[in-house]
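Trainee: What follows is work_12.cif; its format and atoms are mmCIF, C-alpha atoms and all ligand atoms.
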```
data_query
loop_
_atom_site.label_atom_id
_atom_site.label_comp_id
_atom_site.auth_asym_id
_atom_site.auth_seq_id
_atom_site.Cartn_x
_atom_site.Cartn_y
_atom_site.Cartn_z
CA MET A 1 84.55 85.86 129.76
CA ASN A 2 84.89 88.86 131.93
CA LYS A 3 85.33 92.38 130.62
CA LYS A 4 89.03 92.53 131.53
CA ILE A 5 89.91 89.47 129.41
CA ILE A 6 87.92 90.82 126.45
CA SER A 7 89.73 94.19 126.69
CA ILE A 8 93.13 92.45 126.76
CA MET A 9 92.18 90.39 123.70
CA ILE A 10 91.09 93.49 121.75
CA ILE A 11 94.27 95.39 122.66
CA SER A 12 96.43 92.40 121.64
CA LEU A 13 94.59 92.18 118.31
CA ILE A 14 95.10 95.89 117.59
CA LEU A 15 98.78 95.72 118.58
CA GLY A 16 99.25 92.67 116.37
CA CYS A 17 97.79 94.49 113.38
CA VAL A 18 99.95 97.59 113.97
CA ILE A 19 103.13 95.52 114.31
CA THR A 20 102.34 93.41 111.23
CA SER A 21 101.55 96.43 109.08
CA SER A 22 104.72 98.27 110.09
CA TYR A 23 106.99 95.30 109.30
CA ALA A 24 105.29 93.58 106.38
CA ALA A 25 106.22 94.71 102.89
CA THR A 26 103.41 96.39 100.96
CA SER A 27 102.08 94.50 97.95
CA GLU A 28 103.82 97.08 95.72
CA GLU A 29 107.14 96.27 97.42
CA THR A 30 106.59 92.53 97.01
CA THR A 31 105.83 92.99 93.31
CA ALA A 32 108.89 95.20 92.83
CA ASN A 33 111.09 92.65 94.61
CA ASN A 34 109.81 89.81 92.41
CA ILE A 35 110.46 91.84 89.27
CA LEU A 36 113.96 92.85 90.38
CA ASN A 37 114.90 89.26 91.19
CA GLU A 38 113.58 87.89 87.92
CA LYS A 39 115.92 87.19 85.03
CA TYR A 40 114.05 88.46 82.00
CA SER A 41 115.92 87.72 78.84
CA GLU A 42 119.12 86.12 77.64
CA ASN A 43 119.05 88.59 74.76
CA SER A 44 118.49 91.81 76.65
CA LYS A 45 120.91 94.52 75.56
CA ILE A 46 119.67 96.92 78.20
CA LEU A 47 120.87 96.72 81.78
CA VAL A 48 119.15 98.61 84.59
CA VAL A 49 121.76 99.36 87.25
CA TYR A 50 120.63 100.89 90.52
CA PHE A 51 121.69 101.73 94.03
CA SER A 52 118.95 102.09 96.64
CA ARG A 53 118.87 101.90 100.39
CA THR A 54 116.24 100.16 102.54
CA GLY A 55 115.30 101.07 106.09
CA GLU A 56 114.05 104.23 107.72
CA ASN A 57 113.76 107.07 105.23
CA TYR A 58 112.40 110.59 105.06
CA ASN A 59 108.68 110.84 104.19
CA VAL A 60 108.19 107.12 103.44
CA GLY A 61 108.71 105.34 106.76
CA ASN A 62 110.54 102.04 106.91
CA THR A 63 111.10 100.59 103.44
CA GLU A 64 111.85 97.01 102.40
CA VAL A 65 112.34 98.13 98.79
CA GLY A 66 113.92 101.58 98.40
CA ASN A 67 112.41 104.40 96.33
CA THR A 68 114.99 104.13 93.54
CA ALA A 69 114.55 100.35 93.43
CA MET A 70 110.82 100.88 92.88
CA ILE A 71 111.59 102.94 89.75
CA ALA A 72 114.14 100.33 88.64
CA SER A 73 111.41 97.68 88.86
CA TYR A 74 109.06 99.70 86.59
CA ILE A 75 111.83 100.14 84.02
CA LYS A 76 112.83 96.52 84.17
CA GLU A 77 109.25 95.33 83.77
CA TYR A 78 108.43 97.71 80.92
CA LEU A 79 111.58 97.02 78.90
CA LYS A 80 111.96 93.35 79.87
CA ALA A 81 115.54 94.27 80.70
CA ASP A 82 118.11 92.70 83.01
CA SER A 83 118.99 94.47 86.22
CA TYR A 84 121.94 94.75 88.54
CA GLU A 85 121.82 96.15 92.06
CA ILE A 86 124.88 97.99 93.33
CA VAL A 87 125.28 96.39 96.75
CA PRO A 88 127.78 97.91 99.18
CA VAL A 89 130.15 95.50 100.94
CA LYS A 90 129.43 97.49 104.08
CA LYS A 91 125.67 97.86 104.32
CA TYR A 92 124.36 101.35 105.17
CA PRO A 93 122.50 101.59 108.50
CA GLU A 94 118.73 101.16 108.65
CA GLY A 95 118.49 104.28 110.81
CA TYR A 96 118.09 107.50 108.83
CA ASP A 97 120.28 109.71 111.05
CA GLU A 98 123.12 107.14 111.21
CA CYS A 99 123.02 106.88 107.43
CA LEU A 100 123.14 110.68 107.06
CA ASN A 101 126.31 110.78 109.19
CA ILE A 102 128.06 108.04 107.22
CA ALA A 103 127.07 109.52 103.86
CA LYS A 104 128.36 112.93 104.90
CA THR A 105 131.72 111.52 106.02
CA GLU A 106 132.07 109.53 102.79
CA GLN A 107 131.45 112.65 100.76
CA GLN A 108 133.90 114.75 102.79
CA GLU A 109 136.56 112.04 102.37
CA ASN A 110 135.80 111.51 98.66
CA ALA A 111 135.45 107.83 99.55
CA ARG A 112 134.95 104.96 97.14
CA PRO A 113 132.80 102.46 99.08
CA LYS A 114 133.42 98.90 97.89
CA ILE A 115 130.83 97.07 95.82
CA GLU A 116 129.96 93.43 96.38
CA GLY A 117 130.31 91.26 93.26
CA LYS A 118 130.56 92.27 89.62
CA ILE A 119 128.30 92.58 86.59
CA ASP A 120 128.17 89.40 84.57
CA ASN A 121 129.51 90.19 81.10
CA ILE A 122 128.88 93.94 80.83
CA ASP A 123 130.02 93.78 77.17
CA LYS A 124 126.73 92.21 76.15
CA TYR A 125 124.81 95.40 77.01
CA ASP A 126 124.76 98.44 74.73
CA THR A 127 122.56 100.54 77.01
CA ILE A 128 122.89 101.13 80.73
CA ILE A 129 120.08 102.82 82.65
CA LEU A 130 121.63 103.97 85.91
CA GLY A 131 119.60 105.02 88.96
CA TYR A 132 120.47 106.38 92.40
CA PRO A 133 119.10 108.58 95.19
CA ILE A 134 120.50 112.07 95.80
CA TRP A 135 122.65 112.14 98.91
CA TYR A 136 123.85 115.55 100.11
CA GLY A 137 123.30 117.22 96.76
CA ASP A 138 125.22 114.59 94.81
CA THR A 139 125.25 110.92 93.89
CA PRO A 140 126.09 108.56 96.75
CA MET A 141 129.87 108.00 96.59
CA ILE A 142 129.34 104.35 95.64
CA ILE A 143 128.11 105.52 92.24
CA ASN A 144 131.63 106.86 91.61
CA THR A 145 133.00 103.44 92.53
CA PHE A 146 130.66 101.88 89.97
CA LEU A 147 131.52 104.38 87.22
CA GLU A 148 135.26 103.95 87.78
CA GLU A 149 135.20 100.15 87.98
CA ASN A 150 133.10 99.47 84.90
CA LYS A 151 134.06 100.21 81.34
CA LEU A 152 131.09 102.02 79.81
CA ASP A 153 132.93 103.40 76.77
CA GLY A 154 130.75 103.55 73.65
CA LYS A 155 127.60 102.62 75.56
CA THR A 156 124.42 104.68 75.77
CA VAL A 157 123.82 105.71 79.38
CA LEU A 158 120.45 106.95 80.64
CA LEU A 159 120.02 108.29 84.16
CA PHE A 160 117.25 108.36 86.73
CA ASN A 161 117.15 109.34 90.37
CA THR A 162 114.91 109.89 93.35
CA HIS A 163 115.22 112.81 95.77
CA GLU A 164 113.40 114.91 98.35
CA GLY A 165 113.59 118.26 96.59
CA SER A 166 117.01 118.49 94.91
CA LYS A 167 115.76 117.02 91.58
CA ASP A 168 118.89 115.70 89.86
CA ALA A 169 121.14 118.15 91.80
CA GLY A 170 123.32 118.61 88.70
CA THR A 171 124.37 114.96 88.74
CA TYR A 172 123.39 114.26 85.11
CA SER A 173 125.88 116.74 83.70
CA LYS A 174 128.53 115.64 86.22
CA ILE A 175 128.16 112.01 85.10
CA ALA A 176 128.21 113.07 81.44
CA GLN A 177 131.55 114.83 82.06
CA LYS A 178 132.92 111.80 83.86
CA LEU A 179 131.84 109.40 81.12
CA SER A 180 133.19 111.37 78.19
CA SER A 181 133.58 108.21 76.07
CA SER A 182 129.95 107.13 76.55
CA LYS A 183 126.79 108.52 75.01
CA VAL A 184 125.20 109.97 78.13
CA ASN A 185 121.60 111.14 77.81
CA THR A 186 121.26 114.04 80.27
CA ASN A 187 117.49 114.16 79.82
CA GLY A 188 117.14 111.98 82.90
CA LEU A 189 114.17 111.14 85.07
CA ASN A 190 114.01 112.57 88.56
CA ILE A 191 111.13 111.66 90.84
CA GLN A 192 110.45 112.56 94.43
CA GLY A 193 110.90 109.54 96.71
CA GLN A 194 107.31 109.32 97.90
CA THR A 195 105.91 109.59 94.35
CA ALA A 196 108.28 106.82 93.23
CA ARG A 197 106.19 104.38 95.29
CA THR A 198 102.86 105.24 93.65
CA ALA A 199 101.01 104.51 90.42
CA GLU A 200 101.81 108.09 89.38
CA GLY A 201 105.53 107.35 89.74
CA LYS A 202 105.16 104.28 87.56
CA GLN A 203 103.24 106.23 84.93
CA GLN A 204 105.87 109.04 84.89
CA THR A 205 108.59 106.42 84.46
CA ILE A 206 106.92 104.74 81.48
CA GLN A 207 106.19 108.14 79.92
CA TRP A 208 109.87 109.06 80.25
CA LEU A 209 110.99 105.78 78.67
CA LYS A 210 108.68 106.39 75.73
CA GLU A 211 110.04 109.93 75.34
CA GLN A 212 113.56 108.48 75.13
CA GLY A 213 112.40 106.20 72.30
CA LEU A 214 112.50 103.03 74.43
C1 LIG B 1 122.14 110.16 103.39
C2 LIG B 1 120.99 110.84 102.68
C3 LIG B 1 121.17 112.10 102.13
C4 LIG B 1 120.14 112.72 101.41
N1 LIG B 1 120.37 113.94 100.82
C5 LIG B 1 119.40 114.48 100.02
C6 LIG B 1 119.64 115.69 99.32
O1 LIG B 1 120.68 116.32 99.39
N2 LIG B 1 118.62 116.19 98.54
C7 LIG B 1 117.42 115.55 98.40
O2 LIG B 1 116.57 116.03 97.67
N3 LIG B 1 117.18 114.39 99.07
C8 LIG B 1 118.14 113.83 99.86
N4 LIG B 1 117.91 112.63 100.50
C9 LIG B 1 116.64 111.94 100.28
C10 LIG B 1 116.77 110.81 99.25
O3 LIG B 1 117.35 111.27 98.05
C11 LIG B 1 115.41 110.22 98.94
O4 LIG B 1 114.76 109.82 100.09
C12 LIG B 1 115.54 109.05 97.99
O5 LIG B 1 114.29 108.80 97.39
C13 LIG B 1 116.03 107.79 98.67
O6 LIG B 1 116.08 106.76 97.73
P1 LIG B 1 116.28 105.22 98.13
O7 LIG B 1 115.07 104.82 98.93
O8 LIG B 1 116.32 104.54 96.81
O9 LIG B 1 117.56 105.09 98.88
C14 LIG B 1 118.90 112.04 101.27
C15 LIG B 1 118.71 110.80 101.88
C16 LIG B 1 119.74 110.20 102.57
C17 LIG B 1 119.51 108.84 103.21
#
```
What does the file become when written as structure tokens?

Mentor:
Amino acid sequence: MNKKIISIMIISLILGCVITSSYAATSEETTANNILNEKYSENSKILVVYFSRTGENYNVGNTEVGNTAMIASYIKEYLKADSYEIVPVKKYPEGYDECLNIAKTEQQENARPKIEGKIDNIDKYDTIILGYPIWYGDTPMIINTFLEENKLDGKTVLLFNTHEGSKDAGTYSKIAQKLSSSKVNTNGLNIQGQTARTAEGKQQTIQWLKEQGL
């Protein structure tokens, strides 16, 4: 084989590895996905509800499982709880900048983006653990859709979120005001997006659950 062919083969190999690693889910993402898709228990009285976006995101590259979904998977696994993903009828763009524009417009218009499907028998759950990312210093507007469409009266509601610096951005007390007939625990868990994807994020999540007596 001449030198030129060998060089082409090496370049192809390197390119192949780069492309594979930028598109393949990490093993953590695969595990999280398996956990989120698993039905744990017929008797679970705790439901983990979460909204999370996949695609290009700040600080974490291109995700196949979003930061908030990673936390949801730790909670679901630890508590052996059921989970429900809030899926928008109109999917948010993979591109970060396009998503920023849409989220901003939705907030300015006080929109209520539609949710696909419904929770199966919400009455069977006495505790809802609700998670979301911070978008423009607030919950994504679709969280309002969820809170207005589902009757959470009398239920215990715990909150968690991921962010890039805003912590909970005051959303825990806002949700507590909105859900005045529920028992909202405002001692929520907020974790920076990048940390959410690490062993440290998992450990912080379990620690928080223990502190809440779960
Ligand atoms: C549209 C949009 C707006 C955002 N606004 C904020 C913000 O105001 N404050 C903040 O700390 N992070 C903000 N972020 C960062 C996200 O909260 C953070 O990346 C989060 O972990 C994303 O979670 P997800 O992967 O579950 O969607 C924003 C991200 C997006 C896409």

Trainee: Taking all atoms listed in the file into account, name the residue in A:Asn150, A:Thr127, A:Asn59, A:Gln207 that is nearest to ligand LIG 1 (chain B).

Mentor: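 Under the stated criterion, the closest residue is A:Asn59.
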
Trainee: Expressed in Å to a single decimal, how great is the separation between atom CA of Ala69 of chain A and atom CA of Glu56 of chain A?

Mentor: 14.8 Å

Trainee: Could you list, as a ChimeraX atom specification, all the residues within 8 Å of ligand LIG 1 (chain B), counting only C-alpha atoms and all ligand atoms?

Mentor: /A:51-54,57-60,63,65-70,96-97,99-104,132-138,140,161-167,169,191-194,196

Trainee: Taking only C-alpha atoms into account, which of A:Ser27, A:Ser83, A:Ser73, A:Thr145 comes nearest Ser41 of chain A?

Mentor: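 That would be A:Ser83, the residue with the smallest distance to Ser41 of chain A.
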
Trainee: Can you work out the spacing between atom CA of Lys174 of chain A and atom CA of Thr139 of chain A in Å, to one decimal?

Mentor: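 Atom CA of Thr139 of chain A lies 9.6 Å from atom CA of Lys174 of chain A.
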
Trainee: When you draw a straight line from atom CA of Ala32 of chain A to atom CA of Ala199 of chain A, how long is it in Å?

Mentor: 12.4 Å

Trainee: Taking all atoms listed in the file into account, name the residue in A:Glu64, A:Asp153, A:Glu85, A:Glu98 that is nearest to Asp126 of chain A.

Mentor: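 That would be A:Asp153, the residue with the smallest distance to Asp126 of chain A.
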
Trainee: Just checking: using all atoms listed in the file, which residue out of A:Ile143, A:Ile129, A:Leu179, A:Val87 ends up closest to Arg112 of chain A?

Mentor: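 Looking at the shortest contact to Arg112 of chain A, the residue is A:Ile143.
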
Trainee: Between A:Thr30, A:Ser44, A:Ser180, A:Lys151, which has the minimum distance to Arg197 of chain A (counting all atoms listed in the file)?

Mentor: A:Thr30

Trainee: Within 10 Å of Leu152 of chain A, counting all atoms listed in the file, which residues qualify if same-chain residues fewer than 4 places away don't, as a VMD selection string?

Mentor: chain A and resid 122 to 123 125 to 128 147 to 148 156 to 157 179 to 183

Trainee: Would you export the selected residues with C-alpha atoms as a short mmCIF file (atom, residue, chain, number, x, y, z; two decimals), in the coordinates of the input, please?

Mentor:
```
data_model
loop_
_atom_site.label_atom_id
_atom_site.label_comp_id
_atom_site.auth_asym_id
_atom_site.auth_seq_id
_atom_site.Cartn_x
_atom_site.Cartn_y
_atom_site.Cartn_z
CA ILE A 122 128.88 93.94 80.83
CA ASP A 123 130.02 93.78 77.17
CA TYR A 125 124.81 95.40 77.01
CA ASP A 126 124.76 98.44 74.73
CA THR A 127 122.56 100.54 77.01
CA ILE A 128 122.89 101.13 80.73
CA LEU A 147 131.52 104.38 87.22
CA GLU A 148 135.26 103.95 87.78
CA THR A 156 124.42 104.68 75.77
CA VAL A 157 123.82 105.71 79.38
CA LEU A 179 131.84 109.40 81.12
CA SER A 180 133.19 111.37 78.19
CA SER A 181 133.58 108.21 76.07
CA SER A 182 129.95 107.13 76.55
CA LYS A 183 126.79 108.52 75.01
#
```
